[in-house]
Amino acid sequence: MANSSAKKSRHGYCEDFFVPSSESPESYSVLISSFTGDKEVNEDYVCFHVGELKQLNTHGSVLIIADGLSGGKGGRVAAELFSRCFADGYFSSKESLPPEKNVGHIFYSINKWLVSMAKMDQSLEGMAASFCVVIIRAWECYIFHAGDVRCYLLSDNQLQQITSDHVVSALYGQYITRAIGLESEFIGEMNKITISDNDKIIVCSDGLYRFVTHNQLRRSLVNAHFLGSSTIDDLVNCARLNGSKDDVSIGIAHSGDRGQ
């Protein structure tokens with residue numbers, strides 16, 4: 001289904017996919033990457049999933065970045081469990097329902113499970129994760145998020161932030177107000193957009209965007225005529241030079257050209 005290649009190092013991981021069209025005219029390439037910051041454990045989790053061939057039109061594909069909350073003890077566990085469970089639940093869901101109808105019970109179930117695990121196991125106390133899920137189905141993108149993982153759209157060389165950050169400023173920094181596993185009741189946010197030829201969807205953790213300006217991000221993406229690991233390397237190096245010591249995770253989906 002999706003052809004992929006991967007590049008790994010001690011501190012980072014980069015993998016690219018090409019998703020061919022089935023009965024629809026669309027095809028796109030996807031690049032995912034995660035680099036560990038100064039801490040020993042990378043609390044981000046990034047993944048890309050494509051269902052069976054028959055699900056391309058009904059379910060599409062899913063790009064996820066989850067960032068474990070550093071204030072809890074089980075941030076990395078929460079990020080990975082959420083990502084894996086969401087993908088499993090989504091591709092097992094009914095084909096007749098649109099994504100916005102399909103995902104509600106999945107979020108509810110995962111949130112309830114994470115909250116319960118944190119109560120039963122002290123080593124996982126406070127486990128929660130910010131996340132952004134992008135469901136790409138033909139030329140429609142459904143974007144679900146909570147917390148401070150961001151999603152951008154690059155279209156006609158213009159970069160637009162699609163998501164809003166669920167954070168509040170306080171005396172000693174910023175606090176996340178929404179995350180999976182954070183409260184007994186989960187409240188997320190959804191955006192739906194339509195993509196065109198050669199658009200790019202970008203999902204990234206705060207370890208990148210807090211240290212790379214909007215213009216720097218736009219310029220790197222505009223100049224990347226061919227999506228490859230060098231694009232990721234340039235952005236990560238820019239963030240590190242500007243002082244980022246956090247984990248840096250990026251996912252980029254580049255839509256194909258229907259005229260080709």
# chains A, B, ... in the order shown; residues from 1 in each chain; ligands from 1
call {"tool": "closest_atom_pairs", "arguments": {"of": "segment 108-152 of chain A", "to": "segment 82-90 of chain A", "cutoff": "9 Å", "atoms": "only C-alpha atoms", "output": "JSON lines"}}
result
{"residue": "A:Ile110", "atom": "CA", "partner": "A:Phe82", "partner_atom": "CA", "distance": 6.6}
{"residue": "A:Asn111", "atom": "CA", "partner": "A:Phe82", "partner_atom": "CA", "distance": 8.4}
{"residue": "A:Leu114", "atom": "CA", "partner": "A:Phe82", "partner_atom": "CA", "distance": 8.5}
{"residue": "A:Ala129", "atom": "CA", "partner": "A:Phe82", "partner_atom": "CA", "distance": 8.0}
{"residue": "A:Phe131", "atom": "CA", "partner": "A:Ser83", "partner_atom": "CA", "distance": 8.6}
{"residue": "A:Val133", "atom": "CA", "partner": "A:Ser83", "partner_atom": "CA", "distance": 8.7}
call {"tool": "write_last_selection", "arguments": {"atoms": "N, CA, C and O atoms", "output": "tab-separated table (two decimals), in the first residue's frame"}}
result
chain	number	residue	atom	x	y	z
A	110	ILE	N	-10.28	6.15	25.09
A	110	ILE	CA	-8.86	6.27	25.40
A	110	ILE	C	-8.66	7.17	26.61
A	110	ILE	O	-7.87	6.87	27.51
A	111	ASN	N	-9.38	8.27	26.67
A	111	ASN	CA	-9.25	9.19	27.81
A	111	ASN	C	-9.62	8.49	29.12
A	111	ASN	O	-8.91	8.60	30.13
A	114	LEU	N	-6.78	6.06	30.09
A	114	LEU	CA	-5.58	6.72	30.60
A	114	LEU	C	-5.79	7.25	32.02
A	114	LEU	O	-4.92	7.10	32.88
A	129	ALA	N	-1.28	13.55	27.38
A	129	ALA	CA	-0.54	13.94	26.18
A	129	ALA	C	-1.32	14.95	25.34
A	129	ALA	O	-2.53	14.81	25.17
A	131	PHE	N	-1.90	16.34	21.53
A	131	PHE	CA	-1.84	15.60	20.29
A	131	PHE	C	-2.46	16.38	19.15
A	131	PHE	O	-3.23	17.32	19.36
A	133	VAL	N	-4.17	14.94	15.43
A	133	VAL	CA	-4.47	13.84	14.51
A	133	VAL	C	-4.98	14.45	13.21
A	133	VAL	O	-5.92	15.25	13.22
call {"tool": "select_by_dssp", "arguments": {"residues": "segment 33-253 of chain A", "states": "strand (DSSP E)", "output": "number ranges by chain"}}
result
A: 33-35, 44-50, 61-68, 129-137, 140-146, 150-155, 158-161, 167-170, 173-176, 189-194, 200-204, 248-253
call {"tool": "closest_residue", "arguments": {"among": "A:Asp206, A:Asp165, A:Asp38, A:Asp234", "to": "Gly68 of chain A", "atoms": "only C-alpha atoms"}}
result
A:Asp206
call {"tool": "atom_distance", "arguments": {"atom1": "atom CA of Ser92 of chain A", "atom2": "atom CA of Val30 of chain A"}}
result
22.3 Å
call {"tool": "closest_residue", "arguments": {"among": "A:His254, A:Lys245, A:His214, A:Arg240", "to": "Gly228 of chain A", "atoms": "only C-alpha atoms"}}
result
A:His254
call {"tool": "select_by_dssp", "arguments": {"residues": "segment 36-256 of chain A", "states": "alpha helix (DSSP H)", "output": "ChimeraX atom specification"}}
result
/A:75-91,99-102,104-120,206-209,214-223,229-241
call {"tool": "atom_distance", "arguments": {"atom1": "atom CA of Glu125 of chain A", "atom2": "atom CA of Phe211 of chain A"}}
result
29.5 Å
call {"tool": "residues_around", "arguments": {"residues": "segment 222-224 of chain A", "least_positions_apart": "6", "cutoff": "9 Å", "atoms": "only C-alpha atoms", "output": "NGL selection string"}}
result
:A and (154 or 157-158 or 230-231)
call {"tool": "write_last_selection", "arguments": {"atoms": "N, CA and C atoms", "output": "mmCIF file, in the first residue's frame"}}
result
data_model
loop_
_atom_site.group_PDB
_atom_site.id
_atom_site.type_symbol
_atom_site.label_atom_id
_atom_site.label_comp_id
_atom_site.auth_asym_id
_atom_site.auth_seq_id
_atom_site.Cartn_x
_atom_site.Cartn_y
_atom_site.Cartn_z
ATOM 1 N N LEU A 154 0.334 24.811 4.198
ATOM 2 C CA LEU A 154 1.059 25.621 3.231
ATOM 3 C C LEU A 154 0.361 25.486 1.891
ATOM 4 N N ASN A 157 2.186 28.994 -1.381
ATOM 5 C CA ASN A 157 3.338 29.601 -0.704
ATOM 6 C C ASN A 157 2.960 30.418 0.530
ATOM 7 N N GLN A 158 1.721 30.287 0.991
ATOM 8 C CA GLN A 158 1.291 30.975 2.199
ATOM 9 C C GLN A 158 1.082 29.955 3.315
ATOM 10 N N SER A 230 16.272 16.111 4.179
ATOM 11 C CA SER A 230 17.052 17.352 4.308
ATOM 12 C C SER A 230 16.167 18.503 4.785
ATOM 13 N N THR A 231 14.888 18.487 4.404
ATOM 14 C CA THR A 231 13.947 19.511 4.872
ATOM 15 C C THR A 231 13.806 19.439 6.382
#
call {"tool": "closest_residue", "arguments": {"among": "A:Leu217, A:Ile136, A:Leu97, A:Val212", "to": "Ser244 of chain A", "atoms": "only C-alpha atoms"}}
result
A:Val212
call {"tool": "closest_residue", "arguments": {"among": "A:Gly75, A:Asn42, A:Ser70, A:Leu153", "to": "Thr194 of chain A", "atoms": "only C-alpha atoms"}}
result
A:Leu153
call {"tool": "atom_distance", "arguments": {"atom1": "atom CA of Ile143 of chain A", "atom2": "atom CA of Tyr45 of chain A"}}
result
17.1 Å
call {"tool": "residues_around", "arguments": {"residues": "Val248 of chain A", "least_positions_apart": "6", "cutoff": "7 Å", "atoms": "only C-alpha atoms", "output": "ChimeraX atom specification"}}
result
/A:34-36,205,207-208,236
call {"tool": "write_last_selection", "arguments": {"atoms": "C-alpha atoms", "output": "mmCIF file, in the first residue's frame"}}
result
data_model
loop_
_atom_site.group_PDB
_atom_site.id
_atom_site.type_symbol
_atom_site.label_atom_id
_atom_site.label_comp_id
_atom_site.auth_asym_id
_atom_site.auth_seq_id
_atom_site.Cartn_x
_atom_site.Cartn_y
_atom_site.Cartn_z
ATOM 1 C CA SER A 34 11.207 12.731 15.786
ATOM 2 C CA PHE A 35 14.420 13.884 17.468
ATOM 3 C CA THR A 36 15.188 13.535 21.175
ATOM 4 C CA SER A 205 5.510 19.692 18.454
ATOM 5 C CA GLY A 207 10.055 21.846 20.435
ATOM 6 C CA LEU A 208 10.078 23.078 16.839
ATOM 7 C CA VAL A 236 15.643 20.751 13.410
#
call {"tool": "closest_residue", "arguments": {"among": "A:Asp247, A:Asp197, A:Glu185, A:Glu40", "to": "Lys112 of chain A", "atoms": "only C-alpha atoms"}}
result
A:Glu185
call {"tool": "closest_residue", "arguments": {"among": "A:Ser169, A:Ser130, A:Ser255, A:Asn102", "to": "Asp199 of chain A", "atoms": "only C-alpha atoms"}}
result
A:Ser255
call {"tool": "decode", "arguments": {"residues": "segment 131-260 of chain A", "atoms": "C-alpha atoms", "output": "mmCIF file, in the first residue's frame"}}
result
data_model
loop_
_atom_site.group_PDB
_atom_site.id
_atom_site.type_symbol
_atom_site.label_atom_id
_atom_site.label_comp_id
_atom_site.auth_asym_id
_atom_site.auth_seq_id
_atom_site.Cartn_x
_atom_site.Cartn_y
_atom_site.Cartn_z
ATOM 1 C CA PHE A 131 -1.836 15.595 20.287
ATOM 2 C CA CYS A 132 -2.798 16.416 16.745
ATOM 3 C CA VAL A 133 -4.472 13.843 14.511
ATOM 4 C CA VAL A 134 -4.818 14.528 10.782
ATOM 5 C CA ILE A 135 -7.114 12.257 8.803
ATOM 6 C CA ILE A 136 -6.469 12.618 5.075
ATOM 7 C CA ARG A 137 -9.365 11.342 3.011
ATOM 8 C CA ALA A 138 -9.157 12.232 -0.679
ATOM 9 C CA TRP A 139 -8.946 16.042 -0.758
ATOM 10 C CA GLU A 140 -10.474 16.512 2.676
ATOM 11 C CA CYS A 141 -8.477 16.768 5.893
ATOM 12 C CA TYR A 142 -10.042 16.321 9.313
ATOM 13 C CA ILE A 143 -7.829 17.752 12.049
ATOM 14 C CA PHE A 144 -8.423 16.823 15.691
ATOM 15 C CA HIS A 145 -6.241 18.227 18.434
ATOM 16 C CA ALA A 146 -5.855 19.050 22.099
ATOM 17 C CA GLY A 147 -2.992 20.897 23.772
ATOM 18 C CA ASP A 148 -0.058 22.533 22.031
ATOM 19 C CA VAL A 149 0.821 20.279 19.087
ATOM 20 C CA ARG A 150 0.196 22.422 16.008
ATOM 21 C CA CYS A 151 -1.028 21.904 12.470
ATOM 22 C CA TYR A 152 -0.238 24.247 9.569
ATOM 23 C CA LEU A 153 -1.310 24.404 5.933
ATOM 24 C CA LEU A 154 1.059 25.621 3.231
ATOM 25 C CA SER A 155 -0.949 26.571 0.143
ATOM 26 C CA ASP A 156 0.150 28.873 -2.691
ATOM 27 C CA ASN A 157 3.338 29.601 -0.704
ATOM 28 C CA GLN A 158 1.291 30.975 2.199
ATOM 29 C CA LEU A 159 1.558 29.345 5.626
ATOM 30 C CA GLN A 160 -1.536 29.269 7.831
ATOM 31 C CA GLN A 161 -1.799 27.895 11.370
ATOM 32 C CA ILE A 162 -4.921 25.714 11.461
ATOM 33 C CA THR A 163 -5.040 24.768 15.147
ATOM 34 C CA SER A 164 -5.157 26.969 18.233
ATOM 35 C CA ASP A 165 -2.984 26.293 21.279
ATOM 36 C CA HIS A 166 -4.842 25.148 24.384
ATOM 37 C CA VAL A 167 -2.534 26.862 26.863
ATOM 38 C CA VAL A 168 -2.717 29.617 29.475
ATOM 39 C CA SER A 169 0.100 31.859 30.658
ATOM 40 C CA ALA A 170 1.084 31.828 34.323
ATOM 41 C CA LEU A 171 3.802 33.262 36.518
ATOM 42 C CA TYR A 172 6.261 30.451 35.815
ATOM 43 C CA GLY A 173 5.401 29.713 32.211
ATOM 44 C CA GLN A 174 2.513 28.215 30.293
ATOM 45 C CA TYR A 175 0.116 25.459 31.274
ATOM 46 C CA ILE A 176 -1.770 23.136 28.949
ATOM 47 C CA THR A 177 -5.519 23.220 29.489
ATOM 48 C CA ARG A 178 -6.575 20.347 27.227
ATOM 49 C CA ALA A 179 -4.931 16.966 26.711
ATOM 50 C CA ILE A 180 -5.920 13.328 26.458
ATOM 51 C CA GLY A 181 -5.823 11.815 29.965
ATOM 52 C CA LEU A 182 -5.623 15.181 31.716
ATOM 53 C CA GLU A 183 -9.182 15.274 33.066
ATOM 54 C CA SER A 184 -12.004 12.786 33.500
ATOM 55 C CA GLU A 185 -13.902 14.619 30.746
ATOM 56 C CA PHE A 186 -12.067 15.133 27.469
ATOM 57 C CA ILE A 187 -12.719 18.170 25.275
ATOM 58 C CA GLY A 188 -10.871 18.454 21.982
ATOM 59 C CA GLU A 189 -11.163 20.592 18.863
ATOM 60 C CA MET A 190 -11.830 19.748 15.220
ATOM 61 C CA ASN A 191 -11.069 21.578 11.990
ATOM 62 C CA LYS A 192 -11.943 20.463 8.486
ATOM 63 C CA ILE A 193 -10.109 21.800 5.440
ATOM 64 C CA THR A 194 -9.890 21.029 1.740
ATOM 65 C CA ILE A 195 -6.450 20.651 0.206
ATOM 66 C CA SER A 196 -5.383 21.361 -3.370
ATOM 67 C CA ASP A 197 -2.573 20.263 -5.664
ATOM 68 C CA ASN A 198 0.892 20.617 -4.097
ATOM 69 C CA ASP A 199 -0.410 21.737 -0.691
ATOM 70 C CA LYS A 200 1.520 20.679 2.407
ATOM 71 C CA ILE A 201 0.026 19.789 5.784
ATOM 72 C CA ILE A 202 2.536 20.225 8.618
ATOM 73 C CA VAL A 203 2.140 18.865 12.144
ATOM 74 C CA CYS A 204 4.804 19.658 14.736
ATOM 75 C CA SER A 205 5.510 19.692 18.454
ATOM 76 C CA ASP A 206 6.386 22.829 20.422
ATOM 77 C CA GLY A 207 10.055 21.846 20.435
ATOM 78 C CA LEU A 208 10.078 23.078 16.839
ATOM 79 C CA TYR A 209 7.677 25.990 16.487
ATOM 80 C CA ARG A 210 8.695 27.799 19.690
ATOM 81 C CA PHE A 211 12.209 28.133 18.253
ATOM 82 C CA VAL A 212 11.519 28.527 14.526
ATOM 83 C CA THR A 213 9.675 31.646 13.413
ATOM 84 C CA HIS A 214 6.609 31.524 11.204
ATOM 85 C CA ASN A 215 8.621 32.989 8.307
ATOM 86 C CA GLN A 216 11.499 30.552 8.796
ATOM 87 C CA LEU A 217 9.087 27.634 8.707
ATOM 88 C CA ARG A 218 7.315 28.982 5.633
ATOM 89 C CA ARG A 219 10.576 29.640 3.787
ATOM 90 C CA SER A 220 11.944 26.142 4.474
ATOM 91 C CA LEU A 221 8.751 24.507 3.236
ATOM 92 C CA VAL A 222 8.438 26.712 0.156
ATOM 93 C CA ASN A 223 12.042 26.016 -0.826
ATOM 94 C CA ALA A 224 11.574 22.258 -0.417
ATOM 95 C CA HIS A 225 10.437 21.411 -3.934
ATOM 96 C CA PHE A 226 10.991 17.715 -3.171
ATOM 97 C CA LEU A 227 9.979 16.434 0.251
ATOM 98 C CA GLY A 228 12.964 14.730 1.855
ATOM 99 C CA SER A 229 14.900 14.284 5.076
ATOM 100 C CA SER A 230 17.052 17.352 4.308
ATOM 101 C CA THR A 231 13.947 19.511 4.872
ATOM 102 C CA ILE A 232 13.529 18.030 8.351
ATOM 103 C CA ASP A 233 17.254 18.350 9.101
ATOM 104 C CA ASP A 234 17.220 22.044 8.202
ATOM 105 C CA LEU A 235 14.243 22.751 10.487
ATOM 106 C CA VAL A 236 15.643 20.751 13.410
ATOM 107 C CA ASN A 237 19.058 22.410 13.081
ATOM 108 C CA CYS A 238 17.384 25.825 13.023
ATOM 109 C CA ALA A 239 15.448 25.019 16.211
ATOM 110 C CA ARG A 240 18.589 23.741 17.960
ATOM 111 C CA LEU A 241 20.605 26.815 16.974
ATOM 112 C CA ASN A 242 17.827 28.985 18.395
ATOM 113 C CA GLY A 243 17.990 27.198 21.741
ATOM 114 C CA SER A 244 15.543 24.277 21.565
ATOM 115 C CA LYS A 245 16.436 21.548 24.049
ATOM 116 C CA ASP A 246 13.068 19.824 23.768
ATOM 117 C CA ASP A 247 12.046 16.850 21.670
ATOM 118 C CA VAL A 248 11.325 17.893 18.076
ATOM 119 C CA SER A 249 8.726 15.989 16.067
ATOM 120 C CA ILE A 250 7.458 16.826 12.593
ATOM 121 C CA GLY A 251 5.053 15.259 10.138
ATOM 122 C CA ILE A 252 4.573 16.633 6.613
ATOM 123 C CA ALA A 253 2.021 15.435 4.072
ATOM 124 C CA HIS A 254 2.491 16.725 0.506
ATOM 125 C CA SER A 255 -0.473 16.311 -1.834
ATOM 126 C CA GLY A 256 0.091 15.193 -5.406
ATOM 127 C CA ASP A 257 -0.724 16.978 -8.652
ATOM 128 C CA ARG A 258 -3.938 15.786 -10.283
ATOM 129 C CA GLY A 259 -2.795 17.251 -13.563
ATOM 130 C CA GLN A 260 0.133 14.874 -13.836
#
